[in-house]
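S.K.: Supplied in structure tokens, the structure appears directly below.
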Number of protein chains: 2
Amino acid sequence: MELVFLGTSAALPSQYRNHSSICLKAFGEVILFDCGEATQRQLTIAKISPMKINKIFLSHYHGDHVIGLPGLIQSMDFRSRTKPLHLYGPKGLNELKNAILHLGYCSIEFPIILHEIDPKEETIIFENEEYLIKGILTKHTVDNISYSIVEKKKPRFLKEKAIELGVKEGPNFGKLHRGKNVRVGEKIITPEEVLGPPREGIKISYSGDTRPDEKMVELSKNSDILIHEGTYEEKDKEKAEKSFHSTVKEGAEIAKQSNSKFLILTHFSTRYTKDENIEKEAKNVFKNTKIAYDFLTIDLSEIKKD
Amino acid sequence: MELVFLGTSAALPSQYRNHSSICLKAFGEVILFDCGEATQRQLTIAKISPMKINKIFLSHYHGDHVIGLPGLIQSMDFRSRTKPLHLYGPKGLNELKNAILHLGYCSIEFPIILHEIDPKEETIIFENEEYLIKGILTKHTVDNISYSIVEKKKPRFLKEKAIELGVKEGPNFGKLHRGKNVRVGEKIITPEEVLGPPREGIKISYSGDTRPDEKMVELSKNSDILIHEGTYEEKDKEKAEKSFHSTVKEGAEIAKQSNSKFLILTHFSTRYTKDENIEKEAKNVFKNTKIAYDFLTIDLSEIKKD
């Protein structure tokens with residue numbers, strides 16, 4: 001399980017920072033959060049195949065978070081993709097798809113499945129056996145969804161207890177671990193008898209673009225990793241207020257209030273060319289902070305070893 | 001006067017090559033030819049301000065030549081541009097502009113002026129006192145315009161002859177050089193009396209995406225620099241034929257047939273990771289060849305010193 005920052009700039013790209021996109025390699029999938037211009041090239045440089053992406057969660061429809069979609073989608077088609085691509089995002093997704101499909105000659109042969117959502121309250125947007133993704137609208141100039149990804153970690157399988165109950169090592173172990181009953185002679189063994197207590201999976205939260213928001217604090221409660229935007233330094237707080245962004249310090253305060261373990265700040269204005277100030281401002285509030293840079297890779301198994 | 005290759009890849013970008021775009025810094029302007037994805041970032045890396053771009057000439061509307069437009073245009077607006085931007089290209093320009101303006105929330109406050117052209121014959125597309133740009137449709141799967149830029153170089157000003165005729169050094173020298181008559185006592189001195197023979201300006205031709213085309217040979221006749229696509233190596237000629245592209249060798253043959261002085265090949269498939277083969281195939285046909293790479297910069301004053 002890895003988190004790869006493909007782009008960490010705000011509205012404009014710089015020599016060092018591309019537009020926003022975050023890639024989660026987990027659950028046998030590649031999931032993108034936002035897709036700024038040139039995300040497909042950043043994927044190529046990071047040696048991540050665009051063909052493995054099944055789902056893209058878009059925070060909002062400002063260009064710096066979505067302009068990478070036409071190129072990425074056209075390249076998927078060029079590589080003869082047939083499997084569906086799922087796009088999740090706030091209202092306006094259909095219009096966005098139309099613009100994508102009309103940007104230059106292209107005919108896309110694989111299905112693009114839209115999931116337009118309007119989560120005024122915290123809403124589960126996707127769920128399967130392994131993880132769920134929930135989201136809520138937060139405070140930007142246009143509809144912006146902040147997301148949380150929560151791993152559903154299976155309880156440990158208590159092998160010795162199973163053997164004690166007469167279950168033989170083999171396929172029955174897997175069945176019980178997957179939550180199914182097993183028969184041993186006349187007895188029915190239930191998963192509850194051989195599984196440990198519930199375990200918390202990893203939780204990652206991502207703000208998209210937003211002013212500091214109580215709803216973001218709630219959504220990201222006890223995150224292992226909180227990814228929050230920090231477009232401005234504190235001295236430019238007025239600019240942050242005016243454009244509905246957060247300062248670095250405000251991002252750090254959300255980490256503190258949400259009791260997150262680890263903060264990664266991203267989405268920096270190109271006016272700041274040195275990370276030192278940003279890091280100092282954040283760490284004054286929340287020590288366990290990292291300043292994202294393009295291709296920063298976080299090994300999630302190192303974050304939550306339990 | 002400089003030519004900067006911002007992107008030299010074909011349909012897909014690679015770690016080393018971005019999508020197609022060529023920048024001409026000349027005549028006090030910055031002119032783009034094609035605008036593949038992430039052209040705005042390539043400009044930033046090359047330290048060329050996007051605000052100086054007045055004209056963009058598009059060869060055709062495949063994504064790898066136009067997907068950089070929405071980001072570039074939205075960033076121009078973000079930087080508070082007010083002066084118009086002129087887009088030139090084949091039929092379909094209006095639909096392209098519509099898609100650009102609907103790709104995410106944006107409101108563009110400066111005029112985007114469209115020049116949709118359909119040059120079945122060689123046509124002058126733009127002309128002023130300093131240069132002209134002509135174009136003609138060549139052979140691709142969709143309408144593709146190949147372009148030639150021809151500098152109008154002023155004849156030399158024959159200073160000694162002017163002094164001999166009684167013209168005093170000063171503003172009158174400039175007037176005569178700009179083609180205006182000047183009075184010296186009772187006499188009228190005409191430019192013809194003090195100007196040297198006509199001089200040829202620099203000529204640069206650019207193929208866009210095309211099969212080898214006799215019309216391209218005509219258009220690029222006696223070019224100082226011919227920029228031709230060379231998507232495939234000769235062993236993949238069938239692929240070139242099928243997709244209406246040129247091989248490296250075919251590009252070199254156009255340089256030879258057009259009596260061009262210098263060939264720059266560009267638009268390479270990512271399947272080729274080494275330039276040596278490409279260079280060898282081209283130079284076997286046309287010795288004075290350069291294989292373009294991203295940020296290759298040609299000082300045009302070195303090309304035509306006369």
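Chain labels follow the order of the structure tokens: the first chain is A, the next B, and so on; residue numbering restarts at 1 in every chain, and ligands are counted from 1 in their shown order.
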With only C-alpha atoms as the counted atoms, please give the residues lying no more than 8 Å from A:Gln40, apart from itself and same-chain residues fewer than 3 positions off, as a PyMOL selection string.
M.R.: (chain A and resi 43-44+50+68+71-72) or (chain B and resi 13)
S.K.: Taking N, CA and C atoms for each residue, export the selection above as a PDB file, in the first residue's frame.
M.R.:
ATOM      1  N   LEU A  43       2.405   9.993 -13.883  1.00  0.00           N
ATOM      2  CA  LEU A  43       2.247   8.550 -13.673  1.00  0.00           C
ATOM      3  C   LEU A  43       3.355   7.785 -14.396  1.00  0.00           C
ATOM      4  N   THR A  44       3.624   8.208 -15.642  1.00  0.00           N
ATOM      5  CA  THR A  44       4.673   7.548 -16.426  1.00  0.00           C
ATOM      6  C   THR A  44       6.015   7.659 -15.706  1.00  0.00           C
ATOM      7  N   PRO A  50      -1.315   3.859 -16.120  1.00  0.00           N
ATOM      8  CA  PRO A  50      -2.649   4.466 -16.094  1.00  0.00           C
ATOM      9  C   PRO A  50      -3.747   3.424 -16.298  1.00  0.00           C
ATOM     10  N   GLY A  68      -6.136  17.255 -16.321  1.00  0.00           N
ATOM     11  CA  GLY A  68      -5.399  16.062 -16.739  1.00  0.00           C
ATOM     12  C   GLY A  68      -6.288  14.942 -17.243  1.00  0.00           C
ATOM     13  N   GLY A  71      -6.377  14.049 -21.372  1.00  0.00           N
ATOM     14  CA  GLY A  71      -5.154  13.368 -21.824  1.00  0.00           C
ATOM     15  C   GLY A  71      -5.060  11.965 -21.266  1.00  0.00           C
ATOM     16  N   LEU A  72      -5.370  11.813 -19.999  1.00  0.00           N
ATOM     17  CA  LEU A  72      -5.304  10.497 -19.353  1.00  0.00           C
ATOM     18  C   LEU A  72      -6.292   9.530 -20.008  1.00  0.00           C
TER      19      LEU A  72
ATOM     20  N   PRO B  13       3.201  10.684 -23.821  1.00  0.00           N
ATOM     21  CA  PRO B  13       4.425  11.309 -23.314  1.00  0.00           C
ATOM     22  C   PRO B  13       5.337  10.246 -22.700  1.00  0.00           C
TER      23      PRO B  13
END
S.K.: Neighbours of B:Pro70 within 9 Å (only C-alpha atoms; same-chain residues fewer than 2 positions away dropped), as a list in words?
M.R.: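 So the residues in contact are Gly63 and Ile67 of chain A; Glu37, Val66, Ile67, Gly68, Leu72, Ile73, Gln74, Ser75, Lys97, Ala99, Ile100, Leu101 and Leu103 of chain B.
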S.K.: Of the candidates B:Tyr232, B:Phe295, B:Phe173, B:Phe286, which one gets nearest to B:His267 if we count only C-alpha atoms?
M.R.: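 Nearest candidate to B:His267 out of B:Tyr232, B:Phe295, B:Phe173, B:Phe286: B:Tyr232.
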S.K.: Distance cut-off 6 Å, counting only C-alpha atoms - which residues of chain A neighbour chain B? Return them as a ChimeraX atom specification.
M.R.: /A:13,15,38,41,45,61-63,96,99,102-105
S.K.: Find the distance between atom CA of A:Lys152 and atom CA of A:Leu87 and write it in Å to one decimal.
M.R.: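 Computing it gives 22.2 Å between the two atoms.
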S.K.: Nearest to A:Lys91 among A:Pro191, A:Gly196, A:Pro119, A:Gly135, with distances taken over only C-alpha atoms: which residue is it?
M.R.: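 Smallest distance to A:Lys91 is found for A:Pro119.
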S.K.: If we count only C-alpha atoms and set the cut-off at 9 Å, which residues sit around A:Ala282, ignoring sequence neighbours fewer than 3 positions away in its own chain? Please answer as a ChimeraX atom specification.
M.R.: /A:248-253,265,277-279,285-287,289-291
S.K.: I'd like to know which residues of stretch 154-208 of chain A are helix (DSSP H, G or I) (by DSSP, run on the backbone); could you write them as an NGL selection string?
M.R.: :A and (159-164 or 171-177 or 191-194)
S.K.: Counting only C-alpha atoms, what is within 8 Å of B:Tyr293, bar same-chain residues fewer than 6 positions away, as a list in words?
M.R.: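 The residues that qualify are Phe5, Gly7, Thr8, Arg17 and Thr266 of chain B.
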